[in-house]
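Chemist: Mind looking over this structure? Questions follow.
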Amino acid sequence: MLRRAVRVCLLGASPRTGNQGVSALNASLLKLVFEARPDAEVTLLISHRSPGMHAARVAGREHMVRLVNCRLSPRARPREHLLAIVALCLAYRLTPSAAARGRIAALSPWVRALAEADFVGDIRGGDSFSDIYGLGRFMLNAVPALTAMLLGRKLVLLPQTYGPYGSPLARAVAAFTLRRAARVLSRDREGVAAAERLVRGRRGAPRPEFCPDVAFALEARPPPSPVIRPPLDPAAAAPPVGLNVNGLMYRGGYTRGNMFRLKCDYAEYARRLAARILASRPETRLLLVPHTFGPPGGLNSDPDACREVIAALPAGLKERASLVAAGYDQHEI
């Protein structure tokens, strides 16, 4: 008898961002899924203006992945509006009739995808199971997981970071989700401890486990002619030192006021670190490598921050600093 294709739903791994760190999680997850089950039918549940299809290339083979969207805009179609989706999930949960539940699920692609899924995983961009980006964003990211739980799906929290939590409400919502997950995977040891504190004493709660970041599975694809300015000397005796400067942290976060409560001035740290690397040896070259390609002048522009770091270098060091000066995808960067 032919085996039915496994249906996989993934939350928090959008391919449609300028953040190549998030895109790396997306590509790596898809690679791992298709390596395990080449016949898998994968749906990405994302917050976006429109649904569509996404082509994922794994080991030279192209897999088409379905994108199902949700929105909070008042202009959103009812079947795509997040509040309507939550209401439909609640109605599904309270309806005892299987036939009636099927009719409810058919009203929204989001609800139907979750209702029919064999596996539901949530990765939240890797670092958004926390309120470091603000309580509002944390709560908004928590709702998709809630829809899966309302439908009775076994939710797997994929390898990510847990905490910190500055708000008691965020801590309570995090604990609620962790205690009801089927499995909790953390990509760092501190996250295991943070998750354990939130599930402790809850009967039937999963035991948090350490699992390496899925991005270690990312395929590297060197761009044919990388745009680096000034160009690196291929005949140099030593390879360059690569450094990423995070544009959002460089600007102090969305508030521009040390939103992440760092113990040092990140912008000053980045400038001093770059200078220290170049001053260490006369032959050292520094390559600034952006990974978030937000719009120029925006908070999420790593290239802007990298250019400022180079401009701040002392004379005599600046000539040995180069920048990856074009946008590349997660495999290339």
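In the structure tokens, chains take letters A, B, ... by order of appearance, with residues numbered from 1 within each chain and ligands from 1 in the order shown.
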Report as a list of chain:residue names all protein, DNA and RNA residues lying within 12 Å of Ala311 in chain A, evaluated on only C-alpha atoms, omitting residues in the same chain fewer than 3 positions from it.
Modeler: A:Arg271, A:Ala274, A:Ala275, A:Asp304, A:Ala305, A:Cys306, A:Arg307, A:Glu308, A:Pro314, A:Ala315, A:Gly316, A:Leu317, A:Lys318, A:Glu319, A:Arg320, A:Ala321, A:Ser322, A:Leu323
Chemist: Just the selected residues (C-alpha atoms), exported as an mmCIF file, in the first residue's frame, please.
Modeler:
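Full text of part.cif as output:
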data_model
loop_
_atom_site.group_PDB
_atom_site.id
_atom_site.type_symbol
_atom_site.label_atom_id
_atom_site.label_comp_id
_atom_site.auth_asym_id
_atom_site.auth_seq_id
_atom_site.Cartn_x
_atom_site.Cartn_y
_atom_site.Cartn_z
ATOM 1 C CA ARG A 271 34.406 50.159 16.252
ATOM 2 C CA ALA A 274 37.484 46.314 14.269
ATOM 3 C CA ALA A 275 40.434 48.581 15.041
ATOM 4 C CA ASP A 304 24.986 50.935 6.978
ATOM 5 C CA ALA A 305 26.488 49.971 10.339
ATOM 6 C CA CYS A 306 29.450 48.262 8.643
ATOM 7 C CA ARG A 307 30.199 51.384 6.596
ATOM 8 C CA GLU A 308 30.155 53.499 9.741
ATOM 9 C CA PRO A 314 42.073 55.324 12.246
ATOM 10 C CA ALA A 315 44.181 56.297 9.258
ATOM 11 C CA GLY A 316 46.506 53.479 8.315
ATOM 12 C CA LEU A 317 43.972 50.809 9.253
ATOM 13 C CA LYS A 318 41.025 51.858 7.095
ATOM 14 C CA GLU A 319 42.781 50.768 3.878
ATOM 15 C CA ARG A 320 42.826 47.141 5.091
ATOM 16 C CA ALA A 321 39.078 46.947 5.763
ATOM 17 C CA SER A 322 36.655 45.684 3.114
ATOM 18 C CA LEU A 323 32.878 45.280 2.931
#
Chemist: Residues near range 230-242 of chain A, anyone? I mean within 8 Å using only C-alpha atoms, not counting same-chain ones fewer than 5 positions away, as a PyMOL selection string.
Modeler: chain A and resi 277+283-289+321-323
Chemist: Find the spatial neighbours of Ser23 in chain A, counting only C-alpha atoms, within a cut-off of 10 Å - ignore same-chain residues fewer than 4 positions away - and output them as number ranges by chain.
Modeler: A: 13-19, 27-29, 125, 215, 218, 291-292, 329-331
Chemist: Rank A:Pro226, A:Pro282, A:Gly298, A:Pro290 by their smallest atom-to-atom distance to Arg256 in chain A, using only C-alpha atoms, and report the top residue only.
Modeler: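 Selected residue with least distance to Arg256 in chain A: A:Gly298.
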Chemist: Please provide the set of residues having any atom within 8 Å of range 47-60 of chain A, restricted to only C-alpha atoms, with same-chain residues fewer than 4 positions apart removed, written as a PyMOL selection string.
Modeler: chain A and resi 15+27+30-31+34+64-71+76
Chemist: With all heavy atoms kept, could you save the residues just selected as an mmCIF file, in the first residue's frame?
Modeler:
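File produced: selection.cif:
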data_model
loop_
_atom_site.group_PDB
_atom_site.id
_atom_site.type_symbol
_atom_site.label_atom_id
_atom_site.label_comp_id
_atom_site.auth_asym_id
_atom_site.auth_seq_id
_atom_site.Cartn_x
_atom_site.Cartn_y
_atom_site.Cartn_z
ATOM 1 N N PRO A 15 10.429 32.813 4.674
ATOM 2 C CA PRO A 15 11.507 33.047 3.703
ATOM 3 C C PRO A 15 11.496 34.476 3.182
ATOM 4 O O PRO A 15 12.374 34.866 2.432
ATOM 5 C CB PRO A 15 11.157 32.066 2.581
ATOM 6 C CG PRO A 15 9.661 32.013 2.591
ATOM 7 C CD PRO A 15 9.255 32.169 4.046
ATOM 8 N N ALA A 27 15.691 27.842 5.377
ATOM 9 C CA ALA A 27 16.319 26.934 4.419
ATOM 10 C C ALA A 27 16.820 25.664 5.099
ATOM 11 O O ALA A 27 16.718 24.563 4.539
ATOM 12 C CB ALA A 27 17.474 27.650 3.713
ATOM 13 N N LEU A 30 13.828 23.345 6.039
ATOM 14 C CA LEU A 30 13.311 22.675 4.853
ATOM 15 C C LEU A 30 14.266 21.577 4.383
ATOM 16 O O LEU A 30 13.836 20.496 3.975
ATOM 17 C CB LEU A 30 13.067 23.695 3.741
ATOM 18 C CG LEU A 30 11.959 24.722 4.024
ATOM 19 C CD1 LEU A 30 11.845 25.716 2.885
ATOM 20 C CD2 LEU A 30 10.620 24.029 4.263
ATOM 21 N N LYS A 31 15.551 21.845 4.454
ATOM 22 C CA LYS A 31 16.544 20.834 4.080
ATOM 23 C C LYS A 31 16.418 19.596 4.966
ATOM 24 O O LYS A 31 16.397 18.454 4.471
ATOM 25 C CB LYS A 31 17.947 21.418 4.190
ATOM 26 C CG LYS A 31 19.095 20.424 3.943
ATOM 27 C CD LYS A 31 20.418 21.163 3.971
ATOM 28 C CE LYS A 31 21.581 20.213 3.685
ATOM 29 N NZ LYS A 31 22.002 19.461 4.872
ATOM 30 N N PHE A 34 13.094 17.662 4.136
ATOM 31 C CA PHE A 34 13.103 16.938 2.860
ATOM 32 C C PHE A 34 14.160 15.837 2.826
ATOM 33 O O PHE A 34 14.016 14.863 2.083
ATOM 34 C CB PHE A 34 13.283 17.906 1.700
ATOM 35 C CG PHE A 34 12.060 18.746 1.436
ATOM 36 C CD1 PHE A 34 12.130 20.137 1.456
ATOM 37 C CD2 PHE A 34 10.841 18.153 1.177
ATOM 38 C CE1 PHE A 34 11.005 20.909 1.220
ATOM 39 C CE2 PHE A 34 9.699 18.914 0.944
ATOM 40 C CZ PHE A 34 9.790 20.294 0.965
ATOM 41 N N MET A 64 8.589 22.500 -3.980
ATOM 42 C CA MET A 64 7.655 23.612 -3.865
ATOM 43 C C MET A 64 6.971 23.557 -2.498
ATOM 44 O O MET A 64 6.412 22.535 -2.095
ATOM 45 C CB MET A 64 6.614 23.568 -4.979
ATOM 46 C CG MET A 64 7.221 23.735 -6.368
ATOM 47 S SD MET A 64 8.304 25.200 -6.528
ATOM 48 C CE MET A 64 7.139 26.534 -6.226
ATOM 49 N N VAL A 65 7.045 24.670 -1.785
ATOM 50 C CA VAL A 65 6.511 24.782 -0.433
ATOM 51 C C VAL A 65 5.365 25.805 -0.446
ATOM 52 O O VAL A 65 5.502 26.891 -1.017
ATOM 53 C CB VAL A 65 7.609 25.226 0.552
ATOM 54 C CG1 VAL A 65 7.036 25.455 1.935
ATOM 55 C CG2 VAL A 65 8.729 24.189 0.590
ATOM 56 N N ARG A 66 4.268 25.460 0.183
ATOM 57 C CA ARG A 66 3.105 26.342 0.213
ATOM 58 C C ARG A 66 3.232 27.372 1.325
ATOM 59 O O ARG A 66 3.621 27.046 2.451
ATOM 60 C CB ARG A 66 1.847 25.479 0.419
ATOM 61 C CG ARG A 66 0.530 26.213 0.367
ATOM 62 C CD ARG A 66 -0.593 25.185 0.313
ATOM 63 N NE ARG A 66 -1.898 25.784 0.629
ATOM 64 C CZ ARG A 66 -2.687 25.394 1.601
ATOM 65 N NH1 ARG A 66 -2.318 24.396 2.390
ATOM 66 N NH2 ARG A 66 -3.860 25.967 1.795
ATOM 67 N N LEU A 67 2.923 28.627 1.011
ATOM 68 C CA LEU A 67 2.920 29.701 1.990
ATOM 69 C C LEU A 67 1.476 30.058 2.319
ATOM 70 O O LEU A 67 0.706 30.429 1.424
ATOM 71 C CB LEU A 67 3.639 30.938 1.449
ATOM 72 C CG LEU A 67 5.089 30.777 0.999
ATOM 73 C CD1 LEU A 67 5.627 32.096 0.481
ATOM 74 C CD2 LEU A 67 5.960 30.261 2.125
ATOM 75 N N VAL A 68 1.105 29.916 3.577
ATOM 76 C CA VAL A 68 -0.230 30.295 4.035
ATOM 77 C C VAL A 68 -0.056 31.463 4.998
ATOM 78 O O VAL A 68 0.714 31.370 5.960
ATOM 79 C CB VAL A 68 -0.947 29.114 4.719
ATOM 80 C CG1 VAL A 68 -2.242 29.573 5.366
ATOM 81 C CG2 VAL A 68 -1.227 28.012 3.689
ATOM 82 N N ASN A 69 -0.774 32.547 4.725
ATOM 83 C CA ASN A 69 -0.517 33.777 5.471
ATOM 84 C C ASN A 69 -1.623 34.124 6.456
ATOM 85 O O ASN A 69 -2.753 33.641 6.373
ATOM 86 C CB ASN A 69 -0.359 34.948 4.500
ATOM 87 C CG ASN A 69 -1.668 35.306 3.811
ATOM 88 O OD1 ASN A 69 -2.353 34.439 3.292
ATOM 89 N ND2 ASN A 69 -2.015 36.586 3.805
ATOM 90 N N CYS A 70 -1.254 34.966 7.410
ATOM 91 C CA CYS A 70 -2.221 35.614 8.292
ATOM 92 C C CYS A 70 -1.870 37.084 8.358
ATOM 93 O O CYS A 70 -0.729 37.475 8.095
ATOM 94 C CB CYS A 70 -2.233 34.978 9.686
ATOM 95 S SG CYS A 70 -0.760 35.341 10.669
ATOM 96 N N ARG A 71 -2.864 37.922 8.711
ATOM 97 C CA ARG A 71 -2.657 39.370 8.807
ATOM 98 C C ARG A 71 -3.490 39.924 9.955
ATOM 99 O O ARG A 71 -4.455 39.294 10.396
ATOM 100 C CB ARG A 71 -3.071 40.067 7.510
ATOM 101 C CG ARG A 71 -2.317 39.643 6.281
ATOM 102 C CD ARG A 71 -2.845 40.386 5.050
ATOM 103 N NE ARG A 71 -2.556 41.819 5.123
ATOM 104 C CZ ARG A 71 -3.072 42.719 4.276
ATOM 105 N NH1 ARG A 71 -3.934 42.336 3.350
ATOM 106 N NH2 ARG A 71 -2.756 43.993 4.395
ATOM 107 N N ALA A 76 -7.484 42.957 5.628
ATOM 108 C CA ALA A 76 -7.267 41.539 5.374
ATOM 109 C C ALA A 76 -8.585 40.832 5.107
ATOM 110 O O ALA A 76 -9.624 41.171 5.683
ATOM 111 C CB ALA A 76 -6.568 40.894 6.575
#
Chemist: Which is closer to Pro164 in chain A than all the others in A:Met149, A:Ile132, A:Arg276, A:Arg183, using only C-alpha atoms?
Modeler: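 Among A:Met149, A:Ile132, A:Arg276, A:Arg183, it is A:Ile132 that comes nearest to Pro164 in chain A.
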Chemist: Could you give me, as a VMD selection string, each residue of range 15-227 of chain A that DSSP assigns to helix (DSSP H, G or I) when run on this structure's backbone?
Modeler: chain A and resid 20 to 36 78 to 80 82 to 94 98 to 105 109 to 116 124 to 126 135 to 150 168 to 180 189 to 199 214 to 217
